[in-house]
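Reading through the structure tokens given below for one structure.
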Amino acid sequence: GGGPAPTETLSNLMITSITPNFQFHQYGLDGSTKTNSPIDSRRRRYELLEKGLFSAEGLLRRNGMSEKEVKSLQRVVFFEGSFFFSSRPIPGLENVPMDLVGSKSSTDREAPSELPVMENGDCMIVTNWSAFSAPKMLLSGTNAPAAPAAGSVSIDRRCRDCTKAFV
């Protein structure tokens with residue numbers, strides 16, 4: 001190749017610039033009924049994720065996050081059926097597999113007492129976690145921010161590990 005290294009990519013037909021702190025996390029999910037059959041309904045799997053992760057009795061609140069912090073994290077989580085994406089790591093999901101929702105009639109193992117439980121016996125497990133960052137090929141053409149001129153101040157409005165910017 002004779003051209004410069006790429007610094008942009010197309011995403012959903014929108015041109016995006018990749019920054020060095022770009023990252024996302026993918027979490028695999030397994031939802032099953034009390035008879036250990038997979039749950040086919042996307043809506044039902046989403047209800048289990050909501051109950052096990054974001055509800056008042058979910059993992060995040062049990063681990064001490066405030067309702068406001070849970071809502072903030074929920075805005076950067078995208079559910080896709082058998083997995084979900086997050087622009088930030090989910091606190092408490094560092095060690096997977098992990099039960100999110102237990103069942104009242106679990107046959108193979110008893111759910112810990114603090115887990116949310118579904119009356120119909122459905123359960124959900126986070127099976128795996130992968131973290132992704134910007135490909136080095138896309139970052140090689142980016143320039144480091146220039147130092148501010150003497151007597152001036154430069155402010156980076158991004159958070160350290162999330163996608164928010166403050167204006």
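Chain labels A, B, ... are given in the sequence in which chains occur in the structure tokens; within each chain residues are numbered consecutively from 1, and ligands are likewise numbered from 1 in the order shown.
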Each residue of stretch 21-53 of chain A with at least one atom at most 7 Å from stretch 124-134 of chain A should appear once, together with its nearest atom pair and the corresponding distance in Å (one decimal); atoms considered: only C-alpha atoms; ordering: chain, then increasing residue number; output as CSV.
```
residue,atom,partner,partner_atom,distance
A:Phe22,CA,A:Ala134,CA,5.6
A:Gln23,CA,A:Ser133,CA,4.2
A:Phe24,CA,A:Phe132,CA,5.4
A:His25,CA,A:Ala131,CA,4.4
A:Gln26,CA,A:Ser130,CA,5.2
A:Tyr27,CA,A:Trp129,CA,4.5
A:Gly28,CA,A:Asn128,CA,5.0
A:Leu29,CA,A:Val126,CA,4.6
A:Asp30,CA,A:Ile125,CA,5.2
A:Gly31,CA,A:Met124,CA,4.3
A:Ser32,CA,A:Met124,CA,6.5
A:Leu48,CA,A:Met124,CA,6.5
```
Kindly indicate which residue among A:Ile90, A:Leu59, A:Ile39, A:Val153 lies nearest to A:Pro116, using only C-alpha atoms for the distances.
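Among the listed residues, the smallest separation from A:Pro116 belongs to A:Leu59.
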Just list the residues in stretch 18-95 of chain A DSSP gives strand (DSSP E or B) on the backbone, as a compact mmCIF listing (two decimals) with all heavy atoms, in the first residue's frame.
```txt
# COMPACT_ATOMS: atom_id res chain seq x y z
N GLN A 23 -13.36 1.70 23.18
CA GLN A 23 -13.46 0.33 23.67
C GLN A 23 -14.93 -0.07 23.77
O GLN A 23 -15.80 0.79 23.86
CB GLN A 23 -12.81 0.19 25.04
CG GLN A 23 -13.50 0.95 26.14
CD GLN A 23 -12.89 0.70 27.51
OE1 GLN A 23 -12.26 -0.32 27.73
NE2 GLN A 23 -13.06 1.64 28.42
N PHE A 24 -15.18 -1.36 23.71
CA PHE A 24 -16.50 -1.87 24.05
C PHE A 24 -16.33 -3.28 24.59
O PHE A 24 -15.31 -3.93 24.40
CB PHE A 24 -17.49 -1.81 22.87
CG PHE A 24 -17.22 -2.77 21.76
CD1 PHE A 24 -17.83 -4.02 21.72
CD2 PHE A 24 -16.37 -2.43 20.72
CE1 PHE A 24 -17.59 -4.90 20.69
CE2 PHE A 24 -16.13 -3.31 19.68
CZ PHE A 24 -16.74 -4.54 19.66
N HIS A 25 -17.36 -3.72 25.29
CA HIS A 25 -17.32 -5.02 25.96
C HIS A 25 -18.54 -5.82 25.51
O HIS A 25 -19.64 -5.29 25.41
CB HIS A 25 -17.34 -4.82 27.48
CG HIS A 25 -16.22 -3.95 27.93
ND1 HIS A 25 -15.02 -4.44 28.35
CD2 HIS A 25 -16.09 -2.59 27.98
CE1 HIS A 25 -14.21 -3.45 28.64
NE2 HIS A 25 -14.84 -2.31 28.43
N GLN A 26 -18.31 -7.09 25.23
CA GLN A 26 -19.39 -7.99 24.81
C GLN A 26 -19.54 -9.09 25.86
O GLN A 26 -18.57 -9.74 26.24
CB GLN A 26 -19.08 -8.61 23.46
CG GLN A 26 -20.16 -9.56 22.99
CD GLN A 26 -19.82 -10.20 21.64
OE1 GLN A 26 -18.85 -9.85 21.00
NE2 GLN A 26 -20.62 -11.16 21.25
N TYR A 27 -20.79 -9.27 26.33
CA TYR A 27 -21.10 -10.27 27.34
C TYR A 27 -22.07 -11.28 26.74
O TYR A 27 -23.12 -10.90 26.23
CB TYR A 27 -21.75 -9.62 28.56
CG TYR A 27 -20.83 -8.67 29.30
CD1 TYR A 27 -20.73 -7.34 28.92
CD2 TYR A 27 -20.07 -9.12 30.37
CE1 TYR A 27 -19.89 -6.47 29.60
CE2 TYR A 27 -19.22 -8.25 31.05
CZ TYR A 27 -19.14 -6.93 30.66
OH TYR A 27 -18.30 -6.07 31.32
N GLY A 28 -21.72 -12.56 26.78
CA GLY A 28 -22.60 -13.62 26.29
C GLY A 28 -23.63 -13.99 27.34
O GLY A 28 -23.35 -13.98 28.54
N LEU A 29 -24.85 -14.31 26.89
CA LEU A 29 -25.96 -14.65 27.79
C LEU A 29 -26.54 -16.01 27.45
O LEU A 29 -26.61 -16.38 26.27
CB LEU A 29 -27.07 -13.61 27.67
CG LEU A 29 -26.73 -12.18 28.05
CD1 LEU A 29 -27.87 -11.25 27.68
CD2 LEU A 29 -26.42 -12.09 29.54
N ASP A 30 -26.98 -16.72 28.47
CA ASP A 30 -27.69 -17.98 28.29
C ASP A 30 -28.95 -17.93 29.15
O ASP A 30 -28.86 -17.89 30.37
CB ASP A 30 -26.82 -19.16 28.70
CG ASP A 30 -27.54 -20.50 28.57
OD1 ASP A 30 -28.41 -20.61 27.69
OD2 ASP A 30 -27.24 -21.41 29.35
N GLY A 31 -30.09 -17.87 28.49
CA GLY A 31 -31.37 -17.88 29.19
C GLY A 31 -32.04 -19.22 28.98
O GLY A 31 -32.09 -19.73 27.86
N SER A 32 -32.53 -19.82 30.06
CA SER A 32 -33.18 -21.12 29.93
C SER A 32 -34.37 -21.22 30.87
O SER A 32 -34.46 -20.51 31.88
CB SER A 32 -32.19 -22.26 30.19
OG SER A 32 -31.60 -22.13 31.45
N PRO A 38 -33.74 -23.75 25.99
CA PRO A 38 -33.39 -22.36 25.71
C PRO A 38 -34.63 -21.48 25.57
O PRO A 38 -35.67 -21.94 25.08
CB PRO A 38 -32.62 -22.41 24.39
CG PRO A 38 -32.69 -23.81 23.91
CD PRO A 38 -33.33 -24.67 24.95
N VAL A 77 -25.61 0.32 27.40
CA VAL A 77 -25.73 -1.13 27.20
C VAL A 77 -26.73 -1.39 26.08
O VAL A 77 -27.82 -0.82 26.08
CB VAL A 77 -26.18 -1.83 28.51
CG1 VAL A 77 -26.56 -3.27 28.26
CG2 VAL A 77 -25.08 -1.74 29.56
N PHE A 78 -26.33 -2.23 25.14
CA PHE A 78 -27.18 -2.55 23.99
C PHE A 78 -27.39 -4.05 23.94
O PHE A 78 -26.45 -4.81 23.75
CB PHE A 78 -26.54 -2.05 22.69
CG PHE A 78 -26.27 -0.58 22.73
CD1 PHE A 78 -25.03 -0.09 23.12
CD2 PHE A 78 -27.27 0.33 22.44
CE1 PHE A 78 -24.78 1.27 23.18
CE2 PHE A 78 -27.04 1.69 22.51
CZ PHE A 78 -25.79 2.16 22.88
N PHE A 79 -28.62 -4.48 24.11
CA PHE A 79 -29.00 -5.89 24.15
C PHE A 79 -29.19 -6.41 22.73
O PHE A 79 -29.83 -5.77 21.90
CB PHE A 79 -30.29 -6.04 24.95
CG PHE A 79 -30.83 -7.43 24.97
CD1 PHE A 79 -30.20 -8.42 25.70
CD2 PHE A 79 -31.96 -7.75 24.25
CE1 PHE A 79 -30.70 -9.71 25.72
CE2 PHE A 79 -32.47 -9.03 24.26
CZ PHE A 79 -31.83 -10.01 25.00
N PHE A 83 -26.48 -11.94 23.60
CA PHE A 83 -25.37 -11.20 24.18
C PHE A 83 -25.77 -9.74 24.31
O PHE A 83 -26.79 -9.32 23.79
CB PHE A 83 -24.09 -11.35 23.34
CG PHE A 83 -24.26 -10.99 21.90
CD1 PHE A 83 -24.03 -9.69 21.46
CD2 PHE A 83 -24.64 -11.94 20.96
CE1 PHE A 83 -24.18 -9.35 20.13
CE2 PHE A 83 -24.79 -11.61 19.63
CZ PHE A 83 -24.56 -10.31 19.22
N PHE A 84 -24.93 -8.95 25.01
CA PHE A 84 -25.14 -7.51 25.05
C PHE A 84 -23.79 -6.82 25.00
O PHE A 84 -22.77 -7.39 25.36
CB PHE A 84 -25.97 -7.08 26.27
CG PHE A 84 -25.32 -7.23 27.61
CD1 PHE A 84 -24.60 -6.19 28.18
CD2 PHE A 84 -25.46 -8.41 28.32
CE1 PHE A 84 -24.02 -6.33 29.43
CE2 PHE A 84 -24.89 -8.56 29.58
CZ PHE A 84 -24.16 -7.51 30.13
N PHE A 85 -23.81 -5.59 24.50
CA PHE A 85 -22.62 -4.76 24.40
C PHE A 85 -22.70 -3.66 25.44
O PHE A 85 -23.77 -3.18 25.77
CB PHE A 85 -22.52 -4.09 23.02
CG PHE A 85 -22.35 -5.06 21.89
CD1 PHE A 85 -23.39 -5.28 21.01
CD2 PHE A 85 -21.15 -5.72 21.70
CE1 PHE A 85 -23.23 -6.16 19.95
CE2 PHE A 85 -20.99 -6.59 20.65
CZ PHE A 85 -22.03 -6.81 19.77
N SER A 86 -21.53 -3.22 25.90
CA SER A 86 -21.44 -2.09 26.81
C SER A 86 -20.20 -1.29 26.45
O SER A 86 -19.16 -1.88 26.12
CB SER A 86 -21.36 -2.57 28.25
OG SER A 86 -21.16 -1.47 29.12
```
If DSSP is run on the backbone, what residues of stretch 23-114 of chain A are helix (DSSP H, G or I)? A reply as an MDAnalysis selection string would be ideal.
chainID A and resid 42:54 59:62 67:74
From A:Ala56, A:Met65, A:Leu49, A:Leu73, residue lying nearest A:Asp99 [only C-alpha atoms]
A:Leu49
